Structure formats: structure tokens, C-alpha cells
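Novice: Got a structure for you, written out below as C-alpha cells; questions coming shortly.
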Amino acid sequence: PPDLPDVKMALSDEAKREMEAAFKSFDKDGSGTLSATDLAKAMNTISGGLSEAQCIELISLADSDGDKKMNFEEFMKIVEEGLALYEEQNPGADLISEEFKNFDVNGDGVIDKDELRQAMLDMGEEVREEELEAMFRAADADGDQKISVEEFRKMCGH
């Protein structure tokens, strides 16, 4: 397969942990790899979706070991390359604000606990109520029971 450019995006430790959690949630059989089917299901959950054929092509770009599956390192390479390409094609774009809009379902400019719960479910993460509370408290710096875009940005490590 063709080599992807060696791009290192400055992802925060928190963002890397979130990517690892997302990867694990997509890896339904716990094998440590994603098949094209797994990846297609994941992409349908978090974006407009990709076909299985597109996912096969995407995996082939990152598949450094030739197993026709994507391990976490290969997944991160695709994520980092995708972010770099997005930033190149959209100079000055604010990815954090765009992601915030995905969480802010009702468009009121803040994320409440219900929206955070739904976002986690949409990403395939079933969180216990106490985990949700802990996540929310960690992000809600001013304690107003809402996560602002600024608080979301800090939570994402930016």
C-alpha cells in the first residue's frame, strides 16, 4: 500500500485517550483491530459515514502489517493524517468548535448532561451515571451545570 506522509498532529494526552476509548468501543470483538465492517459502522456513528468499500481503501492506506485490518497505531495515523488534511483544506478552521456543535444537540451554545450522555451513546460508549457525573464535573469548571465551548476546549486539551 502507498505510504501516508509522516504527520504528527499535536493531539493532547486527553484526546489520545479519547481516541483509544473510541477505538476500543468500535472493536466489538476485542481483537485489537478493526475490520472494514467495524470501521464502516464506526464511521456511520461519528460522521456522515463511509461505505465498506471506502473503509477497505482507507485501511489499505494505513495497513503497515498487511493484515487488512486496522490496529490502534494505524487508526491514529489515519486520524492524524485526516486532521492535518482538514486543517490544510480549511485554514483557520476551529475543529473544537465544530465538534462542540455535534455535542450541543439543541444548539443553545452549551452542553448539558443529557447531551453529553447522548453523545457518549452515539459514540458507542455506555457510561454509568457516576461516570457521566464525574466527566461532567471535570469539564464544568464554573459549576453552572453546563459545558461551554471554552470548557469543552479545555477538556479536549486545547
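Residues are referred to by chain and number: the chain letter is A, B, ... according to the order shown in the C-alpha cells, the number counts from 1 in that chain, and ligands are numbered separately from 1 in the order shown.
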Would you kindly return, as a ChimeraX atom specification, each protein, DNA or RNA residue with an atom no farther than 12 Å from any atom of Val105 in chain A, considering only C-alpha atoms and excluding same-chain residues fewer than 2 positions away?

Specialist: /A:99-103,107-119,122

Novice: With C-alpha atoms retained, export the selected residues as a PDB file, in the first residue's frame.

Specialist:
ATOM      1  CA  GLU A  99     -17.040  19.048  17.407  1.00  0.00           C
ATOM      2  CA  PHE A 100     -18.772  21.064  20.134  1.00  0.00           C
ATOM      3  CA  LYS A 101     -21.708  21.561  17.763  1.00  0.00           C
ATOM      4  CA  ASN A 102     -22.044  17.778  17.460  1.00  0.00           C
ATOM      5  CA  PHE A 103     -22.472  17.536  21.249  1.00  0.00           C
ATOM      6  CA  GLY A 107     -27.960  24.399  19.593  1.00  0.00           C
ATOM      7  CA  ASP A 108     -28.222  26.521  22.740  1.00  0.00           C
ATOM      8  CA  GLY A 109     -24.458  27.072  22.950  1.00  0.00           C
ATOM      9  CA  VAL A 110     -23.844  24.759  25.925  1.00  0.00           C
ATOM     10  CA  ILE A 111     -23.737  21.019  26.571  1.00  0.00           C
ATOM     11  CA  ASP A 112     -25.919  19.685  29.360  1.00  0.00           C
ATOM     12  CA  LYS A 113     -25.713  16.241  30.965  1.00  0.00           C
ATOM     13  CA  ASP A 114     -28.369  14.776  28.679  1.00  0.00           C
ATOM     14  CA  GLU A 115     -26.482  15.936  25.594  1.00  0.00           C
ATOM     15  CA  LEU A 116     -23.211  14.524  26.965  1.00  0.00           C
ATOM     16  CA  ARG A 117     -24.940  11.200  27.732  1.00  0.00           C
ATOM     17  CA  GLN A 118     -26.396  11.075  24.205  1.00  0.00           C
ATOM     18  CA  ALA A 119     -23.053  11.949  22.609  1.00  0.00           C
ATOM     19  CA  ASP A 122     -23.776   7.894  19.821  1.00  0.00           C
TER      20      ASP A 122
END

Novice: Give the strand (DSSP E) residues of chain A, as assigned by DSSP on the backbone, as a list in words.

Specialist: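 Matching residues, listed in order: Thr33, Leu34, Met70 and Asn71 of chain A.
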
Novice: Which of these, A:Ala40, A:Glu151, A:Met19, A:Ala134, has the shortest distance to Lys77 in chain A once you count only C-alpha atoms?

Specialist: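 For Lys77 in chain A, the nearest of the given residues is A:Met19.
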
Novice: Just the number, please: distance in Å from CA of Glu81 in chain A to CA of Leu95 in chain A, one decimal.

Specialist: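 About the pair CA of Glu81 in chain A and CA of Leu95 in chain A: they are 14.2 Å apart.
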
Novice: Mind checking which residues fall within 12 Å of Glu73 in chain A, counting only C-alpha atoms, ignoring those fewer than 5 positions away in the same chain, and posting them as an mmCIF file with all heavy atoms, in the first residue's frame?

Specialist:
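Everything below was put into result_22.cif:
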data_model
loop_
_atom_site.group_PDB
_atom_site.id
_atom_site.type_symbol
_atom_site.label_atom_id
_atom_site.label_comp_id
_atom_site.auth_asym_id
_atom_site.auth_seq_id
_atom_site.Cartn_x
_atom_site.Cartn_y
_atom_site.Cartn_z
ATOM 1 N N LYS A 16 -5.847 11.758 22.914
ATOM 2 C CA LYS A 16 -5.349 10.418 22.580
ATOM 3 C C LYS A 16 -6.094 9.355 23.377
ATOM 4 O O LYS A 16 -6.431 8.296 22.845
ATOM 5 C CB LYS A 16 -3.846 10.333 22.840
ATOM 6 C CG LYS A 16 -3.031 11.108 21.826
ATOM 7 C CD LYS A 16 -1.559 11.085 22.158
ATOM 8 C CE LYS A 16 -0.803 12.010 21.217
ATOM 9 N NZ LYS A 16 0.587 12.201 21.630
ATOM 10 N N MET A 19 -9.417 8.912 21.794
ATOM 11 C CA MET A 19 -9.296 8.150 20.554
ATOM 12 C C MET A 19 -9.141 6.663 20.874
ATOM 13 O O MET A 19 -9.732 5.810 20.198
ATOM 14 C CB MET A 19 -8.090 8.617 19.725
ATOM 15 C CG MET A 19 -8.261 9.975 19.085
ATOM 16 S SD MET A 19 -9.351 9.929 17.652
ATOM 17 C CE MET A 19 -10.877 10.448 18.361
ATOM 18 N N GLU A 20 -8.367 6.355 21.918
ATOM 19 C CA GLU A 20 -8.188 4.958 22.300
ATOM 20 C C GLU A 20 -9.507 4.355 22.793
ATOM 21 O O GLU A 20 -9.861 3.228 22.451
ATOM 22 C CB GLU A 20 -7.115 4.825 23.378
ATOM 23 C CG GLU A 20 -6.782 3.389 23.689
ATOM 24 C CD GLU A 20 -5.547 3.227 24.551
ATOM 25 O OE1 GLU A 20 -5.086 4.216 25.151
ATOM 26 O OE2 GLU A 20 -5.060 2.090 24.622
ATOM 27 N N PHE A 23 -11.661 3.790 19.772
ATOM 28 C CA PHE A 23 -11.177 2.619 19.039
ATOM 29 C C PHE A 23 -11.661 1.342 19.716
ATOM 30 O O PHE A 23 -12.190 0.439 19.071
ATOM 31 C CB PHE A 23 -9.649 2.635 18.951
ATOM 32 C CG PHE A 23 -9.076 1.464 18.201
ATOM 33 C CD1 PHE A 23 -8.927 1.515 16.827
ATOM 34 C CD2 PHE A 23 -8.690 0.308 18.872
ATOM 35 C CE1 PHE A 23 -8.407 0.434 16.131
ATOM 36 C CE2 PHE A 23 -8.176 -0.772 18.185
ATOM 37 C CZ PHE A 23 -8.032 -0.713 16.811
ATOM 38 N N GLY A 32 -8.365 -6.068 19.053
ATOM 39 C CA GLY A 32 -7.309 -5.066 18.918
ATOM 40 C C GLY A 32 -7.179 -4.531 17.507
ATOM 41 O O GLY A 32 -6.271 -3.764 17.215
ATOM 42 N N THR A 33 -8.084 -4.960 16.632
ATOM 43 C CA THR A 33 -8.080 -4.480 15.247
ATOM 44 C C THR A 33 -9.510 -4.184 14.804
ATOM 45 O O THR A 33 -10.472 -4.712 15.364
ATOM 46 C CB THR A 33 -7.474 -5.515 14.270
ATOM 47 O OG1 THR A 33 -8.257 -6.703 14.313
ATOM 48 C CG2 THR A 33 -6.021 -5.810 14.595
ATOM 49 N N LEU A 34 -9.612 -3.347 13.783
ATOM 50 C CA LEU A 34 -10.906 -3.045 13.177
ATOM 51 C C LEU A 34 -10.924 -3.607 11.765
ATOM 52 O O LEU A 34 -10.009 -3.358 10.979
ATOM 53 C CB LEU A 34 -11.141 -1.536 13.097
ATOM 54 C CG LEU A 34 -11.140 -0.742 14.395
ATOM 55 C CD1 LEU A 34 -11.364 0.737 14.105
ATOM 56 C CD2 LEU A 34 -12.190 -1.271 15.351
ATOM 57 N N ILE A 59 -8.313 1.456 5.084
ATOM 58 C CA ILE A 59 -7.466 0.505 5.809
ATOM 59 C C ILE A 59 -6.215 0.191 4.999
ATOM 60 O O ILE A 59 -5.110 0.141 5.549
ATOM 61 C CB ILE A 59 -8.254 -0.777 6.168
ATOM 62 C CG1 ILE A 59 -9.264 -0.464 7.277
ATOM 63 C CG2 ILE A 59 -7.308 -1.893 6.594
ATOM 64 C CD1 ILE A 59 -10.236 -1.585 7.587
ATOM 65 N N ALA A 62 -3.363 2.585 5.520
ATOM 66 C CA ALA A 62 -2.677 2.596 6.814
ATOM 67 C C ALA A 62 -2.142 1.239 7.233
ATOM 68 O O ALA A 62 -1.416 1.137 8.210
ATOM 69 C CB ALA A 62 -3.639 3.100 7.890
ATOM 70 N N ASP A 63 -2.483 0.199 6.500
ATOM 71 C CA ASP A 63 -2.194 -1.174 6.911
ATOM 72 C C ASP A 63 -0.710 -1.505 6.775
ATOM 73 O O ASP A 63 -0.268 -2.068 5.784
ATOM 74 C CB ASP A 63 -3.048 -2.127 6.061
ATOM 75 C CG ASP A 63 -2.972 -3.557 6.534
ATOM 76 O OD1 ASP A 63 -2.499 -3.800 7.659
ATOM 77 O OD2 ASP A 63 -3.407 -4.444 5.776
ATOM 78 N N SER A 64 0.051 -1.184 7.815
ATOM 79 C CA SER A 64 1.501 -1.371 7.757
ATOM 80 C C SER A 64 1.923 -2.830 7.890
ATOM 81 O O SER A 64 3.013 -3.202 7.460
ATOM 82 C CB SER A 64 2.185 -0.530 8.843
ATOM 83 O OG SER A 64 1.713 -0.911 10.128
ATOM 84 N N ASP A 65 1.053 -3.684 8.472
ATOM 85 C CA ASP A 65 1.427 -5.088 8.654
ATOM 86 C C ASP A 65 0.752 -6.036 7.658
ATOM 87 O O ASP A 65 0.948 -7.243 7.711
ATOM 88 C CB ASP A 65 1.158 -5.552 10.083
ATOM 89 C CG ASP A 65 -0.286 -5.384 10.515
ATOM 90 O OD1 ASP A 65 -1.146 -5.106 9.651
ATOM 91 O OD2 ASP A 65 -0.556 -5.523 11.718
ATOM 92 N N ILE A 78 -4.230 7.409 10.645
ATOM 93 C CA ILE A 78 -5.316 7.912 9.796
ATOM 94 C C ILE A 78 -5.956 9.144 10.427
ATOM 95 O O ILE A 78 -6.243 10.137 9.749
ATOM 96 C CB ILE A 78 -6.368 6.812 9.535
ATOM 97 C CG1 ILE A 78 -5.812 5.740 8.609
ATOM 98 C CG2 ILE A 78 -7.671 7.384 9.002
ATOM 99 C CD1 ILE A 78 -5.554 6.204 7.182
ATOM 100 N N VAL A 79 -6.195 9.097 11.740
ATOM 101 C CA VAL A 79 -6.789 10.246 12.439
ATOM 102 C C VAL A 79 -5.891 11.472 12.277
ATOM 103 O O VAL A 79 -6.355 12.560 11.920
ATOM 104 C CB VAL A 79 -7.026 9.930 13.937
ATOM 105 C CG1 VAL A 79 -7.342 11.189 14.725
ATOM 106 C CG2 VAL A 79 -8.140 8.904 14.092
ATOM 107 N N GLU A 80 -4.597 11.294 12.550
ATOM 108 C CA GLU A 80 -3.666 12.420 12.457
ATOM 109 C C GLU A 80 -3.570 12.957 11.035
ATOM 110 O O GLU A 80 -3.566 14.163 10.817
ATOM 111 C CB GLU A 80 -2.290 11.992 12.980
ATOM 112 C CG GLU A 80 -2.306 11.760 14.473
ATOM 113 C CD GLU A 80 -1.066 11.066 15.010
ATOM 114 O OE1 GLU A 80 -0.245 10.558 14.197
ATOM 115 O OE2 GLU A 80 -0.918 11.021 16.238
#

Novice: For each of A:Asp144, A:Glu57, A:Glu52, A:Asp38, take the minimum atom-to-atom distance to Asn71 in chain A, counting only C-alpha atoms, then give the residue where this is smallest.

Specialist: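 Counting only C-alpha atoms, the residue closest to Asn71 in chain A is A:Asp38.
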
Novice: Give me the residues within 9 Å of range 26-29 of chain A as a ChimeraX atom specification, counting only C-alpha atoms and dropping any in the same chain fewer than 5 places off.

Specialist: /A:21,34-35,38-39,41-42,123-124

Novice: What gap, in Å, lies between CA of Gly82 in chain A and CA of Ala138 in chain A?

Specialist: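 Between these atoms lies a distance of 28.2 Å.
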
Novice: Quick one: everything within 9 Å of Met155 in chain A, counting only C-alpha atoms, minus sequence neighbours fewer than 2 positions away in the same chain. Send it as a list of chain:residue names.

Specialist: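 Final neighbour list, sorted by chain and number: A:Glu14, A:Ala15, A:Ala138, A:Ala139, A:Glu150, A:Glu151, A:Phe152, A:Arg153, A:Gly157, A:His158.
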
Novice: Residues of the last selection are to be written out with all heavy atoms, as an mmCIF file, in the first residue's frame.

Specialist:
data_model
loop_
_atom_site.group_PDB
_atom_site.id
_atom_site.type_symbol
_atom_site.label_atom_id
_atom_site.label_comp_id
_atom_site.auth_asym_id
_atom_site.auth_seq_id
_atom_site.Cartn_x
_atom_site.Cartn_y
_atom_site.Cartn_z
ATOM 1 N N GLU A 14 -5.297 13.814 26.567
ATOM 2 C CA GLU A 14 -6.724 13.537 26.749
ATOM 3 C C GLU A 14 -7.360 13.128 25.421
ATOM 4 O O GLU A 14 -8.134 12.175 25.357
ATOM 5 C CB GLU A 14 -7.444 14.761 27.326
ATOM 6 C CG GLU A 14 -8.933 14.580 27.497
ATOM 7 C CD GLU A 14 -9.332 13.547 28.538
ATOM 8 O OE1 GLU A 14 -8.501 13.211 29.405
ATOM 9 O OE2 GLU A 14 -10.466 13.059 28.472
ATOM 10 N N ALA A 15 -7.010 13.830 24.350
ATOM 11 C CA ALA A 15 -7.558 13.492 23.032
ATOM 12 C C ALA A 15 -7.095 12.100 22.606
ATOM 13 O O ALA A 15 -7.875 11.322 22.040
ATOM 14 C CB ALA A 15 -7.144 14.531 21.994
ATOM 15 N N ALA A 138 -15.725 17.263 35.811
ATOM 16 C CA ALA A 138 -14.365 17.589 35.358
ATOM 17 C C ALA A 138 -14.380 18.666 34.278
ATOM 18 O O ALA A 138 -13.490 19.517 34.232
ATOM 19 C CB ALA A 138 -13.677 16.327 34.841
ATOM 20 N N ALA A 139 -15.378 18.639 33.414
ATOM 21 C CA ALA A 139 -15.447 19.605 32.317
ATOM 22 C C ALA A 139 -16.097 20.923 32.720
ATOM 23 O O ALA A 139 -15.735 21.981 32.210
ATOM 24 C CB ALA A 139 -16.213 19.004 31.143
ATOM 25 N N GLU A 150 -15.721 27.047 25.747
ATOM 26 C CA GLU A 150 -14.399 27.243 26.355
ATOM 27 C C GLU A 150 -14.048 26.072 27.258
ATOM 28 O O GLU A 150 -12.912 25.584 27.257
ATOM 29 C CB GLU A 150 -14.351 28.558 27.137
ATOM 30 C CG GLU A 150 -14.442 29.813 26.280
ATOM 31 C CD GLU A 150 -15.882 30.143 25.859
ATOM 32 O OE1 GLU A 150 -16.844 29.632 26.481
ATOM 33 O OE2 GLU A 150 -16.039 30.898 24.881
ATOM 34 N N GLU A 151 -15.016 25.610 28.055
ATOM 35 C CA GLU A 151 -14.776 24.462 28.927
ATOM 36 C C GLU A 151 -14.543 23.195 28.094
ATOM 37 O O GLU A 151 -13.689 22.368 28.422
ATOM 38 C CB GLU A 151 -15.967 24.261 29.879
ATOM 39 C CG GLU A 151 -16.055 25.341 30.940
ATOM 40 C CD GLU A 151 -17.372 25.329 31.701
ATOM 41 O OE1 GLU A 151 -18.428 24.983 31.117
ATOM 42 O OE2 GLU A 151 -17.338 25.676 32.902
ATOM 43 N N PHE A 152 -15.281 23.057 26.998
ATOM 44 C CA PHE A 152 -15.110 21.915 26.093
ATOM 45 C C PHE A 152 -13.709 21.933 25.484
ATOM 46 O O PHE A 152 -13.049 20.907 25.399
ATOM 47 C CB PHE A 152 -16.188 21.975 25.011
ATOM 48 C CG PHE A 152 -16.224 20.773 24.103
ATOM 49 C CD1 PHE A 152 -16.822 19.595 24.515
ATOM 50 C CD2 PHE A 152 -15.680 20.838 22.838
ATOM 51 C CE1 PHE A 152 -16.880 18.497 23.683
ATOM 52 C CE2 PHE A 152 -15.728 19.734 21.991
ATOM 53 C CZ PHE A 152 -16.322 18.560 22.423
ATOM 54 N N ARG A 153 -13.262 23.130 25.110
ATOM 55 C CA ARG A 153 -11.926 23.283 24.522
ATOM 56 C C ARG A 153 -10.863 22.835 25.523
ATOM 57 O O ARG A 153 -9.938 22.096 25.175
ATOM 58 C CB ARG A 153 -11.722 24.753 24.123
ATOM 59 C CG ARG A 153 -10.457 25.029 23.356
ATOM 60 C CD ARG A 153 -10.349 26.496 22.947
ATOM 61 N NE ARG A 153 -11.521 27.004 22.267
ATOM 62 C CZ ARG A 153 -11.846 26.750 20.995
ATOM 63 N NH1 ARG A 153 -11.071 25.968 20.283
ATOM 64 N NH2 ARG A 153 -12.918 27.263 20.461
ATOM 65 N N GLY A 157 -8.121 19.526 25.687
ATOM 66 C CA GLY A 157 -6.679 19.766 25.764
ATOM 67 C C GLY A 157 -6.189 20.900 24.894
ATOM 68 O O GLY A 157 -5.016 20.962 24.556
ATOM 69 N N HIS A 158 -7.076 21.831 24.532
ATOM 70 C CA HIS A 158 -6.652 22.971 23.699
ATOM 71 C C HIS A 158 -6.850 24.262 24.437
ATOM 72 O O HIS A 158 -7.713 24.525 25.146
ATOM 73 C CB HIS A 158 -7.443 23.003 22.393
ATOM 74 C CG HIS A 158 -7.165 21.852 21.501
ATOM 75 N ND1 HIS A 158 -5.903 21.476 21.130
ATOM 76 C CD2 HIS A 158 -7.981 20.938 20.928
ATOM 77 C CE1 HIS A 158 -5.961 20.419 20.351
ATOM 78 N NE2 HIS A 158 -7.214 20.071 20.230
#

Novice: How far is it from CA of Lys69 in chain A to CA of Ala36 in chain A, in Å with one decimal?

Specialist: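 Going from CA of Lys69 in chain A over to CA of Ala36 in chain A, I get 7.0 Å.
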
Novice: Contacts of Ser51 in chain A at 9 Å or less, counting only C-alpha atoms, minus same-chain residues fewer than 2 places along, as a PyMOL selection string?

Specialist: chain A and resi 36-37+40-41+43-44+49+53-56

Novice: Counting only C-alpha atoms, which of A:Lys68, A:Lys24, A:Arg128, A:Lys154 gets nearest to Asp140 in chain A?

Specialist: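 Between A:Lys68, A:Lys24, A:Arg128, A:Lys154, the residue approaching Asp140 in chain A most closely is A:Lys154.
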